[in-house]
file upload_21.cif (mmCIF, C-alpha atoms)
data_data
loop_
_atom_site.group_PDB
_atom_site.id
_atom_site.type_symbol
_atom_site.label_atom_id
_atom_site.label_comp_id
_atom_site.auth_asym_id
_atom_site.auth_seq_id
_atom_site.Cartn_x
_atom_site.Cartn_y
_atom_site.Cartn_z
ATOM 1 C CA MET A 320 28.225 -93.340 93.175
ATOM 2 C CA LEU A 321 31.013 -90.928 94.114
ATOM 3 C CA THR A 322 32.001 -90.593 90.457
ATOM 4 C CA ILE A 323 28.449 -89.662 89.469
ATOM 5 C CA LEU A 324 28.283 -87.157 92.300
ATOM 6 C CA ALA A 325 31.611 -85.590 91.285
ATOM 7 C CA LEU A 326 30.446 -85.236 87.702
ATOM 8 C CA ALA A 327 27.274 -83.555 88.886
ATOM 9 C CA LEU A 328 29.277 -81.130 91.008
ATOM 10 C CA PHE A 329 31.661 -80.131 88.227
ATOM 11 C CA SER A 330 29.403 -80.134 85.177
ATOM 12 C CA ASN A 331 28.927 -76.672 83.681
ATOM 13 C CA VAL A 332 25.678 -75.144 82.532
ATOM 14 C CA THR A 333 25.358 -73.658 79.039
ATOM 15 C CA ALA A 334 23.053 -71.348 77.115
ATOM 16 C CA ASP A 335 22.913 -69.800 73.649
ATOM 17 C CA ARG A 336 23.634 -66.091 73.338
ATOM 18 C CA SER A 337 23.086 -63.761 70.369
ATOM 19 C CA THR A 338 22.763 -60.151 69.292
ATOM 20 C CA SER A 339 22.056 -58.499 65.937
ATOM 21 C CA THR A 340 22.314 -54.887 64.724
ATOM 22 C CA PRO A 341 21.438 -53.418 61.295
ATOM 23 C CA ALA A 342 24.690 -52.834 59.392
ATOM 24 C CA SER A 343 23.614 -49.638 57.639
ATOM 25 C CA GLY A 344 25.984 -46.754 58.421
ATOM 26 C CA ILE A 345 28.447 -48.812 60.480
ATOM 27 C CA THR A 346 32.065 -48.508 59.280
ATOM 28 C CA LYS A 347 33.933 -50.055 62.233
ATOM 29 C CA VAL A 348 33.202 -53.007 64.507
ATOM 30 C CA VAL A 349 35.009 -53.381 67.846
ATOM 31 C CA ILE A 350 34.894 -56.892 69.308
ATOM 32 C CA ILE A 351 35.803 -57.469 72.952
ATOM 33 C CA ALA A 352 36.127 -61.191 73.644
ATOM 34 C CA ARG A 353 37.134 -62.905 76.883
ATOM 35 C CA ALA A 354 37.670 -66.655 77.174
ATOM 36 C CA GLY A 355 36.441 -68.829 74.315
ATOM 37 C CA SER A 356 36.882 -69.151 70.570
ATOM 38 C CA LEU A 357 36.158 -66.257 68.201
ATOM 39 C CA ASP A 358 35.265 -66.418 64.503
ATOM 40 C CA VAL A 359 34.743 -63.238 62.462
ATOM 41 C CA ASN A 360 33.426 -63.600 58.909
ATOM 42 C CA GLY A 361 32.753 -60.853 56.387
ATOM 43 C CA LYS A 362 29.972 -61.725 53.955
ATOM 44 C CA SER A 363 29.077 -59.840 50.785
ATOM 45 C CA GLY A 364 25.590 -58.423 50.948
ATOM 46 C CA ALA A 365 25.160 -58.859 54.707
ATOM 47 C CA THR A 366 22.610 -56.367 56.028
ATOM 48 C CA ALA A 367 23.162 -57.046 59.731
ATOM 49 C CA ILE A 368 26.075 -57.453 62.116
ATOM 50 C CA ALA A 369 25.228 -60.535 64.132
ATOM 51 C CA ALA A 370 26.988 -62.365 66.961
ATOM 52 C CA THR A 371 25.960 -65.834 68.073
ATOM 53 C CA GLY A 372 27.621 -68.128 70.580
ATOM 54 C CA LYS A 373 27.382 -70.406 73.557
ATOM 55 C CA ALA A 374 27.897 -69.302 77.143
ATOM 56 C CA GLU A 375 29.323 -71.796 79.631
ATOM 57 C CA ALA A 376 29.583 -71.299 83.379
ATOM 58 C CA PRO A 377 29.832 -73.391 86.568
ATOM 59 C CA ASN A 378 26.404 -72.300 87.846
ATOM 60 C CA ASP A 379 23.208 -70.541 86.817
ATOM 61 C CA ALA A 380 24.140 -67.279 88.525
ATOM 62 C CA GLN A 381 27.360 -66.882 86.529
ATOM 63 C CA LEU A 382 25.592 -68.075 83.391
ATOM 64 C CA ALA A 383 23.054 -65.273 83.756
ATOM 65 C CA GLN A 384 25.923 -62.745 83.873
ATOM 66 C CA THR A 385 27.532 -64.176 80.716
ATOM 67 C CA LYS A 386 26.109 -62.509 77.632
ATOM 68 C CA LEU A 387 26.780 -60.724 74.347
ATOM 69 C CA VAL A 388 26.115 -56.987 74.371
ATOM 70 C CA ALA A 389 26.098 -54.746 71.274
ATOM 71 C CA THR A 390 26.414 -50.957 71.651
ATOM 72 C CA ARG A 391 26.317 -48.503 68.754
ATOM 73 C CA ASN A 392 28.046 -45.124 68.894
ATOM 74 C CA GLY A 393 27.685 -43.255 65.608
ATOM 75 C CA SER A 394 29.323 -45.326 62.872
ATOM 76 C CA GLN A 395 31.011 -47.690 65.358
ATOM 77 C CA LEU A 396 29.480 -50.856 66.806
ATOM 78 C CA THR A 397 30.992 -52.548 69.855
ATOM 79 C CA ILE A 398 30.214 -56.198 70.566
ATOM 80 C CA GLU A 399 31.330 -57.311 74.006
ATOM 81 C CA ALA A 400 31.340 -60.701 75.671
ATOM 82 C CA GLN A 401 30.542 -60.115 79.327
ATOM 83 C CA THR A 402 31.533 -63.088 81.481
ATOM 84 C CA GLY A 403 31.944 -64.073 85.107
ATOM 85 C CA ASP A 404 35.260 -65.207 86.593
ATOM 86 C CA ASP A 405 34.944 -68.882 85.662
ATOM 87 C CA ALA A 406 32.703 -68.529 82.624
ATOM 88 C CA SER A 407 33.502 -68.617 78.909
ATOM 89 C CA LEU A 408 31.698 -67.431 75.793
ATOM 90 C CA GLY A 409 32.842 -68.577 72.382
ATOM 91 C CA PHE A 410 31.077 -66.809 69.535
ATOM 92 C CA GLU A 411 30.932 -66.010 65.833
ATOM 93 C CA VAL A 412 30.423 -62.575 64.297
ATOM 94 C CA THR A 413 29.122 -62.078 60.748
ATOM 95 C CA LEU A 414 29.313 -58.631 59.166
ATOM 96 C CA PRO A 415 29.467 -57.029 55.718
ATOM 97 C CA ALA A 416 32.695 -57.838 53.879
ATOM 98 C CA GLY A 417 35.346 -55.120 54.029
ATOM 99 C CA VAL A 418 34.253 -53.450 57.285
ATOM 100 C CA ALA A 419 37.108 -52.319 59.578
ATOM 101 C CA VAL A 420 37.452 -54.521 62.678
ATOM 102 C CA VAL A 421 39.213 -54.071 66.029
ATOM 103 C CA ILE A 422 39.538 -57.165 68.232
ATOM 104 C CA LYS A 423 40.563 -57.326 71.898
ATOM 105 C CA ASP A 424 40.688 -60.975 72.893
ATOM 106 C CA GLY A 425 41.614 -62.793 76.082
ATOM 107 C CA SER A 426 42.174 -66.454 75.280
ATOM 108 C CA GLY A 427 41.008 -69.036 72.781
ATOM 109 C CA SER A 428 41.474 -69.607 69.071
ATOM 110 C CA MET A 429 40.564 -66.868 66.584
ATOM 111 C CA THR A 430 39.781 -66.814 62.866
ATOM 112 C CA VAL A 431 39.087 -63.661 60.839
ATOM 113 C CA LYS A 432 38.116 -63.611 57.151
ATOM 114 C CA ASN A 433 36.967 -61.046 54.568
ATOM 115 C CA VAL A 434 37.257 -57.825 56.560
ATOM 116 C CA GLY A 435 38.791 -54.385 55.991
ATOM 117 C CA ASP A 436 41.459 -52.798 58.223
ATOM 118 C CA LEU A 437 42.106 -55.187 61.115
ATOM 119 C CA ASP A 438 43.683 -54.479 64.517
ATOM 120 C CA VAL A 439 44.072 -57.459 66.866
ATOM 121 C CA THR A 440 45.235 -57.523 70.486
ATOM 122 C CA ASP A 441 45.296 -61.107 71.744
ATOM 123 C CA GLY A 442 46.345 -62.775 74.984
ATOM 124 C CA SER A 443 46.726 -66.426 74.008
ATOM 125 C CA GLY A 444 45.471 -68.856 71.412
ATOM 126 C CA SER A 445 46.027 -69.407 67.716
ATOM 127 C CA ILE A 446 45.179 -66.669 65.190
ATOM 128 C CA GLU A 447 44.201 -67.261 61.543
ATOM 129 C CA ILE A 448 43.597 -64.248 59.283
ATOM 130 C CA HIS A 449 42.625 -64.574 55.606
ATOM 131 C CA ASP A 450 41.464 -62.194 52.868
ATOM 132 C CA VAL A 451 41.834 -58.716 54.316
ATOM 133 C CA THR A 452 41.325 -55.692 52.035
ATOM 134 C CA GLY A 453 43.137 -53.240 54.352
ATOM 135 C CA ASN A 454 46.044 -53.226 56.798
ATOM 136 C CA VAL A 455 46.587 -55.828 59.526
ATOM 137 C CA ARG A 456 48.084 -54.995 62.926
ATOM 138 C CA ILE A 457 48.628 -57.686 65.570
ATOM 139 C CA THR A 458 49.815 -57.642 69.180
ATOM 140 C CA ASP A 459 49.937 -61.174 70.572
ATOM 141 C CA GLY A 460 50.976 -62.884 73.781
ATOM 142 C CA SER A 461 51.266 -66.523 72.758
ATOM 143 C CA GLY A 462 49.995 -68.880 70.094
ATOM 144 C CA SER A 463 50.590 -69.394 66.406
ATOM 145 C CA ILE A 464 49.777 -66.653 63.857
ATOM 146 C CA GLU A 465 48.808 -67.366 60.250
ATOM 147 C CA VAL A 466 48.097 -64.491 57.847
ATOM 148 C CA LYS A 467 47.216 -64.962 54.163
ATOM 149 C CA GLN A 468 45.883 -62.804 51.316
ATOM 150 C CA VAL A 469 46.212 -59.230 52.594
ATOM 151 C CA LYS A 470 45.884 -56.220 50.238
ATOM 152 C CA GLY A 471 47.540 -53.793 52.695
ATOM 153 C CA ASN A 472 50.460 -53.939 55.163
ATOM 154 C CA VAL A 473 50.935 -56.552 57.895
ATOM 155 C CA THR A 474 52.519 -55.310 61.132
ATOM 156 C CA ILE A 475 53.139 -57.490 64.182
ATOM 157 C CA THR A 476 54.012 -55.038 66.960
ATOM 158 C CA ASP A 477 54.828 -57.699 69.546
ATOM 159 C CA ASP A 478 54.600 -61.495 69.598
ATOM 160 C CA GLY A 479 55.590 -63.345 72.750
ATOM 161 C CA SER A 480 55.770 -66.928 71.587
ATOM 162 C CA GLY A 481 54.507 -69.129 68.794
ATOM 163 C CA SER A 482 55.151 -69.505 65.085
ATOM 164 C CA VAL A 483 54.373 -66.769 62.541
ATOM 165 C CA ASP A 484 53.439 -67.695 58.953
ATOM 166 C CA VAL A 485 52.611 -64.868 56.522
ATOM 167 C CA GLN A 486 51.820 -65.307 52.812
ATOM 168 C CA ASP A 487 50.567 -63.247 49.881
ATOM 169 C CA VAL A 488 50.768 -59.682 51.182
ATOM 170 C CA GLN A 489 50.432 -56.768 48.739
ATOM 171 C CA GLY A 490 52.078 -54.274 51.116
ATOM 172 C CA ASP A 491 54.896 -54.456 53.680
ATOM 173 C CA PHE A 492 55.465 -57.123 56.344
ATOM 174 C CA THR A 493 56.966 -55.869 59.600
ATOM 175 C CA VAL A 494 57.676 -57.578 62.929
ATOM 176 C CA LEU A 495 58.783 -55.108 65.612
ATOM 177 C CA GLN A 496 59.317 -57.500 68.531
ATOM 178 C CA LYS A 497 59.391 -61.297 68.625
ATOM 179 C CA GLY A 498 59.944 -63.747 71.454
ATOM 180 C CA SER A 499 60.307 -67.462 70.754
ATOM 181 C CA GLY A 500 59.067 -69.237 67.640
ATOM 182 C CA HIS A 501 59.994 -69.039 63.971
ATOM 183 C CA ILE A 502 58.912 -66.467 61.376
ATOM 184 C CA ASP A 503 58.114 -67.724 57.867
ATOM 185 C CA TYR A 504 56.946 -65.554 54.990
ATOM 186 C CA GLU A 505 56.564 -65.742 51.223
ATOM 187 C CA ARG A 506 55.153 -63.685 48.364
ATOM 188 C CA ILE A 507 55.430 -60.292 50.098
ATOM 189 C CA SER A 508 55.120 -57.506 47.508
ATOM 190 C CA GLY A 509 56.463 -54.695 49.734
ATOM 191 C CA LYS A 510 59.342 -54.427 52.187
ATOM 192 C CA VAL A 511 60.089 -57.065 54.820
ATOM 193 C CA SER A 512 61.488 -56.114 58.231
ATOM 194 C CA VAL A 513 61.810 -58.821 60.887
ATOM 195 C CA PRO A 514 64.112 -59.168 63.922
ATOM 196 C CA LYS A 515 67.424 -60.874 63.272
ATOM 197 C CA ARG A 516 67.685 -64.277 64.902
#
call {"tool": "encode", "arguments": {"input": "upload_21.cif", "output": "structure tokens"}}
result
Amino acid sequence: MLTILALALFSNVTADRSTSTPASGITKVVIIARAGSLDVNGKSGATAIAATGKAEAPNDAQLAQTKLVATRNGSQLTIEAQTGDDASLGFEVTLPAGVAVVIKDGSGSMTVKNVGDLDVTDGSGSIEIHDVTGNVRITDGSGSIEVKQVKGNVTITDDGSGSVDVQDVQGDFTVLQKGSGHIDYERISGKVSVPKR
């Protein structure tokens, strides 16, 4: 009986969350994520920028405060996950392929595919980036980083801990600061500059 009661006390409540904005005229998407996974996928021919996910919180009051909000300012669209202290919101964003993306993420795994210029600031969690038609810039606290198929430069300004694996870059590959964890790279067409170990 106590076990059932404990489960009832600690079980979270969940709800679906979504937002969608016409893509016409938007050249940059800023994504502000908190706790939870994040997937960003560029799709050829997409006519809308849509975010869908699942909110999870310890109670209905915090769940009601946990939502996805899209705000357009000229040619820039900002998608923000608004969460309470103990809530999380993992979500996926689909947008036209090749659009520039800026990501500010708290924690949780992240995958990004088929976008233009990409700027990522991440607290913790693994990062996978594939098929970028512009430059990639990453500032990361902890977690592994995998970058493949980039037509521009790849710059890691700061990486606290975790492995770095970079492949098939048409431009330069630069790591300015690196904590613990190895750096592997292959098939870099431009210059390579990484800290000496």
call {"tool": "atom_distance", "arguments": {"input": "upload_21.cif", "atom1": "atom CA of A:Gly425", "atom2": "atom CA of A:Val513"}}
result
25.6 Å
call {"tool": "residues_near_point", "arguments": {"input": "upload_21.cif", "point": "(29.0, -65.0, 73.3)", "cutoff": "7 Å", "atoms": "all atoms listed in the file", "output": "mmCIF file with C-alpha atoms, keeping the file's coordinate frame"}}
result
data_model
loop_
_atom_site.group_PDB
_atom_site.id
_atom_site.type_symbol
_atom_site.label_atom_id
_atom_site.label_comp_id
_atom_site.auth_asym_id
_atom_site.auth_seq_id
_atom_site.Cartn_x
_atom_site.Cartn_y
_atom_site.Cartn_z
ATOM 1 C CA ARG A 336 23.634 -66.091 73.338
ATOM 2 C CA SER A 337 23.086 -63.761 70.369
ATOM 3 C CA THR A 371 25.960 -65.834 68.073
ATOM 4 C CA GLY A 372 27.621 -68.128 70.580
ATOM 5 C CA LYS A 373 27.382 -70.406 73.557
ATOM 6 C CA ALA A 374 27.897 -69.302 77.143
ATOM 7 C CA LYS A 386 26.109 -62.509 77.632
ATOM 8 C CA LEU A 387 26.780 -60.724 74.347
ATOM 9 C CA ALA A 400 31.340 -60.701 75.671
ATOM 10 C CA LEU A 408 31.698 -67.431 75.793
ATOM 11 C CA GLY A 409 32.842 -68.577 72.382
ATOM 12 C CA PHE A 410 31.077 -66.809 69.535
#
call {"tool": "closest_atom_pairs", "arguments": {"input": "upload_21.cif", "of": "stretch 351-467 of chain A", "to": "stretch 491-502 of chain A", "cutoff": "12 Å", "atoms": "only C-alpha atoms", "output": "Markdown table"}}
result
| residue | atom | partner | partner_atom | distance |
| --- | --- | --- | --- | --- |
| A:Gly453 | CA | A:Asp491 | CA | 11.8 |
| A:Asn454 | CA | A:Asp491 | CA | 9.5 |
| A:Val455 | CA | A:Phe492 | CA | 9.5 |
| A:Arg456 | CA | A:Thr493 | CA | 9.5 |
| A:Ile457 | CA | A:Val494 | CA | 9.4 |
| A:Thr458 | CA | A:Gln496 | CA | 9.5 |
| A:Asp459 | CA | A:Lys497 | CA | 9.7 |
| A:Gly460 | CA | A:Gly498 | CA | 9.3 |
| A:Ser461 | CA | A:Gly498 | CA | 9.2 |
| A:Gly462 | CA | A:Gly500 | CA | 9.4 |
| A:Ser463 | CA | A:Gly500 | CA | 8.6 |
| A:Ile464 | CA | A:Ile502 | CA | 9.5 |
| A:Glu465 | CA | A:Ile502 | CA | 10.2 |
| A:Val466 | CA | A:Phe492 | CA | 10.5 |
| A:Lys467 | CA | A:Phe492 | CA | 11.6 |
call {"tool": "write_last_selection", "arguments": {"input": "upload_21.cif", "atoms": "C-alpha atoms", "output": "mmCIF file, keeping the file's coordinate frame"}}
result
data_model
loop_
_atom_site.group_PDB
_atom_site.id
_atom_site.type_symbol
_atom_site.label_atom_id
_atom_site.label_comp_id
_atom_site.auth_asym_id
_atom_site.auth_seq_id
_atom_site.Cartn_x
_atom_site.Cartn_y
_atom_site.Cartn_z
ATOM 1 C CA GLY A 453 43.137 -53.240 54.352
ATOM 2 C CA ASN A 454 46.044 -53.226 56.798
ATOM 3 C CA VAL A 455 46.587 -55.828 59.526
ATOM 4 C CA ARG A 456 48.084 -54.995 62.926
ATOM 5 C CA ILE A 457 48.628 -57.686 65.570
ATOM 6 C CA THR A 458 49.815 -57.642 69.180
ATOM 7 C CA ASP A 459 49.937 -61.174 70.572
ATOM 8 C CA GLY A 460 50.976 -62.884 73.781
ATOM 9 C CA SER A 461 51.266 -66.523 72.758
ATOM 10 C CA GLY A 462 49.995 -68.880 70.094
ATOM 11 C CA SER A 463 50.590 -69.394 66.406
ATOM 12 C CA ILE A 464 49.777 -66.653 63.857
ATOM 13 C CA GLU A 465 48.808 -67.366 60.250
ATOM 14 C CA VAL A 466 48.097 -64.491 57.847
ATOM 15 C CA LYS A 467 47.216 -64.962 54.163
#
call {"tool": "closest_residue", "arguments": {"input": "upload_21.cif", "among": "A:Ser428, A:Thr333, A:Ala383, A:Ala416", "to": "A:Gly364", "atoms": "all atoms listed in the file"}}
result
A:Ala416
call {"tool": "residues_around", "arguments": {"input": "upload_21.cif", "residues": "A:Ser343", "least_positions_apart": "6", "cutoff": "9 Å", "atoms": "only C-alpha atoms", "output": "PyMOL selection string"}}
result
chain A and resi 366-367+394
call {"tool": "resolve_selection", "arguments": {"input": "upload_21.cif", "expression": "the PyMOL selection byres ((chain A and resi 449) around 9)", "output": "list in words"}}
result
Thr430, Val431, Lys432, Asn433, Val434, Glu447, Ile448, Asp450, Val451, Glu465, Val466, Lys467, Gln468 and Val469 of chain A
call {"tool": "closest_residue", "arguments": {"input": "upload_21.cif", "among": "A:Asp484, A:Pro377, A:Asp441, A:Lys423", "to": "A:Thr397", "atoms": "all atoms listed in the file"}}
result
A:Lys423
call {"tool": "atom_distance", "arguments": {"input": "upload_21.cif", "atom1": "atom CA of A:Asn392", "atom2": "atom CA of A:Asp424"}}
result
20.7 Å
call {"tool": "closest_residue", "arguments": {"input": "upload_21.cif", "among": "A:Thr413, A:Thr476, A:Ser508, A:Thr452", "to": "A:Val359", "atoms": "only C-alpha atoms"}}
result
A:Thr413
call {"tool": "closest_residue", "arguments": {"input": "upload_21.cif", "among": "A:Ser363, A:Ser339, A:Ser330, A:Ser426", "to": "A:Val388", "atoms": "all atoms listed in the file"}}
result
A:Ser339
call {"tool": "closest_residue", "arguments": {"input": "upload_21.cif", "among": "A:Lys362, A:Val349, A:Gln395, A:Ala334", "to": "A:Val439", "atoms": "only C-alpha atoms"}}
result
A:Val349
call {"tool": "resolve_selection", "arguments": {"input": "upload_21.cif", "expression": "the PyMOL selection byres ((chain A and resi 419) around 8)", "output": "ChimeraX atom specification"}}
result
/A:346-348,417-418,420-421,434-437
call {"tool": "atom_distance", "arguments": {"input": "upload_21.cif", "atom1": "atom CA of A:Arg353", "atom2": "atom CA of A:Ser482"}}
result
22.5 Å
call {"tool": "residues_near_point", "arguments": {"input": "upload_21.cif", "point": "(59.7, -58.0, 53.9)", "cutoff": "12 Å", "atoms": "only C-alpha atoms", "output": "compact mmCIF listing (two decimals) with C-alpha atoms, in the coordinates of the input"}}
result
# COMPACT_ATOMS: atom_id res chain seq x y z
CA ASN A 472 50.46 -53.94 55.16
CA VAL A 473 50.94 -56.55 57.90
CA THR A 474 52.52 -55.31 61.13
CA VAL A 485 52.61 -64.87 56.52
CA GLN A 486 51.82 -65.31 52.81
CA ASP A 487 50.57 -63.25 49.88
CA VAL A 488 50.77 -59.68 51.18
CA GLN A 489 50.43 -56.77 48.74
CA GLY A 490 52.08 -54.27 51.12
CA ASP A 491 54.90 -54.46 53.68
CA PHE A 492 55.46 -57.12 56.34
CA THR A 493 56.97 -55.87 59.60
CA VAL A 494 57.68 -57.58 62.93
CA ILE A 502 58.91 -66.47 61.38
CA ASP A 503 58.11 -67.72 57.87
CA TYR A 504 56.95 -65.55 54.99
CA GLU A 505 56.56 -65.74 51.22
CA ARG A 506 55.15 -63.68 48.36
CA ILE A 507 55.43 -60.29 50.10
CA SER A 508 55.12 -57.51 47.51
CA GLY A 509 56.46 -54.70 49.73
CA LYS A 510 59.34 -54.43 52.19
CA VAL A 511 60.09 -57.06 54.82
CA SER A 512 61.49 -56.11 58.23
CA VAL A 513 61.81 -58.82 60.89
CA PRO A 514 64.11 -59.17 63.92
call {"tool": "residues_around", "arguments": {"input": "upload_21.cif", "residues": "A:Ala389", "least_positions_apart": "2", "cutoff": "9 Å", "atoms": "only C-alpha atoms", "output": "PyMOL selection string"}}
result
chain A and resi 338-340+370+387+391+396-399
call {"tool": "write_last_selection", "arguments": {"input": "upload_21.cif", "atoms": "C-alpha atoms", "output": "mmCIF file, in the frame of the given file"}}
result
data_model
loop_
_atom_site.group_PDB
_atom_site.id
_atom_site.type_symbol
_atom_site.label_atom_id
_atom_site.label_comp_id
_atom_site.auth_asym_id
_atom_site.auth_seq_id
_atom_site.Cartn_x
_atom_site.Cartn_y
_atom_site.Cartn_z
ATOM 1 C CA THR A 338 22.763 -60.151 69.292
ATOM 2 C CA SER A 339 22.056 -58.499 65.937
ATOM 3 C CA THR A 340 22.314 -54.887 64.724
ATOM 4 C CA ALA A 370 26.988 -62.365 66.961
ATOM 5 C CA LEU A 387 26.780 -60.724 74.347
ATOM 6 C CA ARG A 391 26.317 -48.503 68.754
ATOM 7 C CA LEU A 396 29.480 -50.856 66.806
ATOM 8 C CA THR A 397 30.992 -52.548 69.855
ATOM 9 C CA ILE A 398 30.214 -56.198 70.566
ATOM 10 C CA GLU A 399 31.330 -57.311 74.006
#
call {"tool": "resolve_selection", "arguments": {"input": "upload_21.cif", "expression": "the PyMOL selection byres ((chain A and resi 332) around 6)", "output": "list in words"}}
result
Asn331, Thr333, Glu375 and Ala376 of chain A
call {"tool": "closest_residue", "arguments": {"input": "upload_21.cif", "among": "A:Ser356, A:Asn378, A:Thr385, A:Ser445", "to": "A:Val412", "atoms": "all atoms listed in the file"}}
result
A:Ser356
call {"tool": "build_atoms", "arguments": {"input": "upload_21.cif", "residues": "stretch 331-342 of chain A", "atoms": "N, CA and C atoms", "output": "compact mmCIF listing (two decimals), keeping the file's coordinate frame"}}
result
# COMPACT_ATOMS: atom_id res chain seq x y z
N ASN A 331 29.31 -78.06 83.92
CA ASN A 331 28.93 -76.67 83.68
C ASN A 331 27.53 -76.58 83.07
N VAL A 332 26.96 -75.42 83.18
CA VAL A 332 25.68 -75.14 82.53
C VAL A 332 25.95 -74.26 81.32
N THR A 333 25.15 -74.41 80.28
CA THR A 333 25.36 -73.66 79.04
C THR A 333 24.06 -73.02 78.56
N ALA A 334 24.22 -72.00 77.72
CA ALA A 334 23.05 -71.35 77.11
C ALA A 334 23.51 -70.62 75.86
N ASP A 335 22.62 -70.53 74.87
CA ASP A 335 22.91 -69.80 73.65
C ASP A 335 22.80 -68.30 73.91
N ARG A 336 23.67 -67.55 73.23
CA ARG A 336 23.63 -66.09 73.34
C ARG A 336 23.73 -65.49 71.94
N SER A 337 23.03 -64.38 71.69
CA SER A 337 23.09 -63.76 70.37
C SER A 337 22.70 -62.29 70.45
N THR A 338 23.16 -61.54 69.44
CA THR A 338 22.76 -60.15 69.29
C THR A 338 22.87 -59.79 67.81
N SER A 339 22.03 -58.88 67.35
CA SER A 339 22.06 -58.50 65.94
C SER A 339 21.73 -57.01 65.81
N THR A 340 22.49 -56.32 64.94
CA THR A 340 22.31 -54.89 64.72
C THR A 340 22.30 -54.60 63.23
N PRO A 341 21.40 -53.77 62.72
CA PRO A 341 21.44 -53.42 61.30
C PRO A 341 22.80 -52.82 60.92
N ALA A 342 23.34 -53.24 59.78
CA ALA A 342 24.69 -52.83 59.39
C ALA A 342 24.76 -51.46 58.76
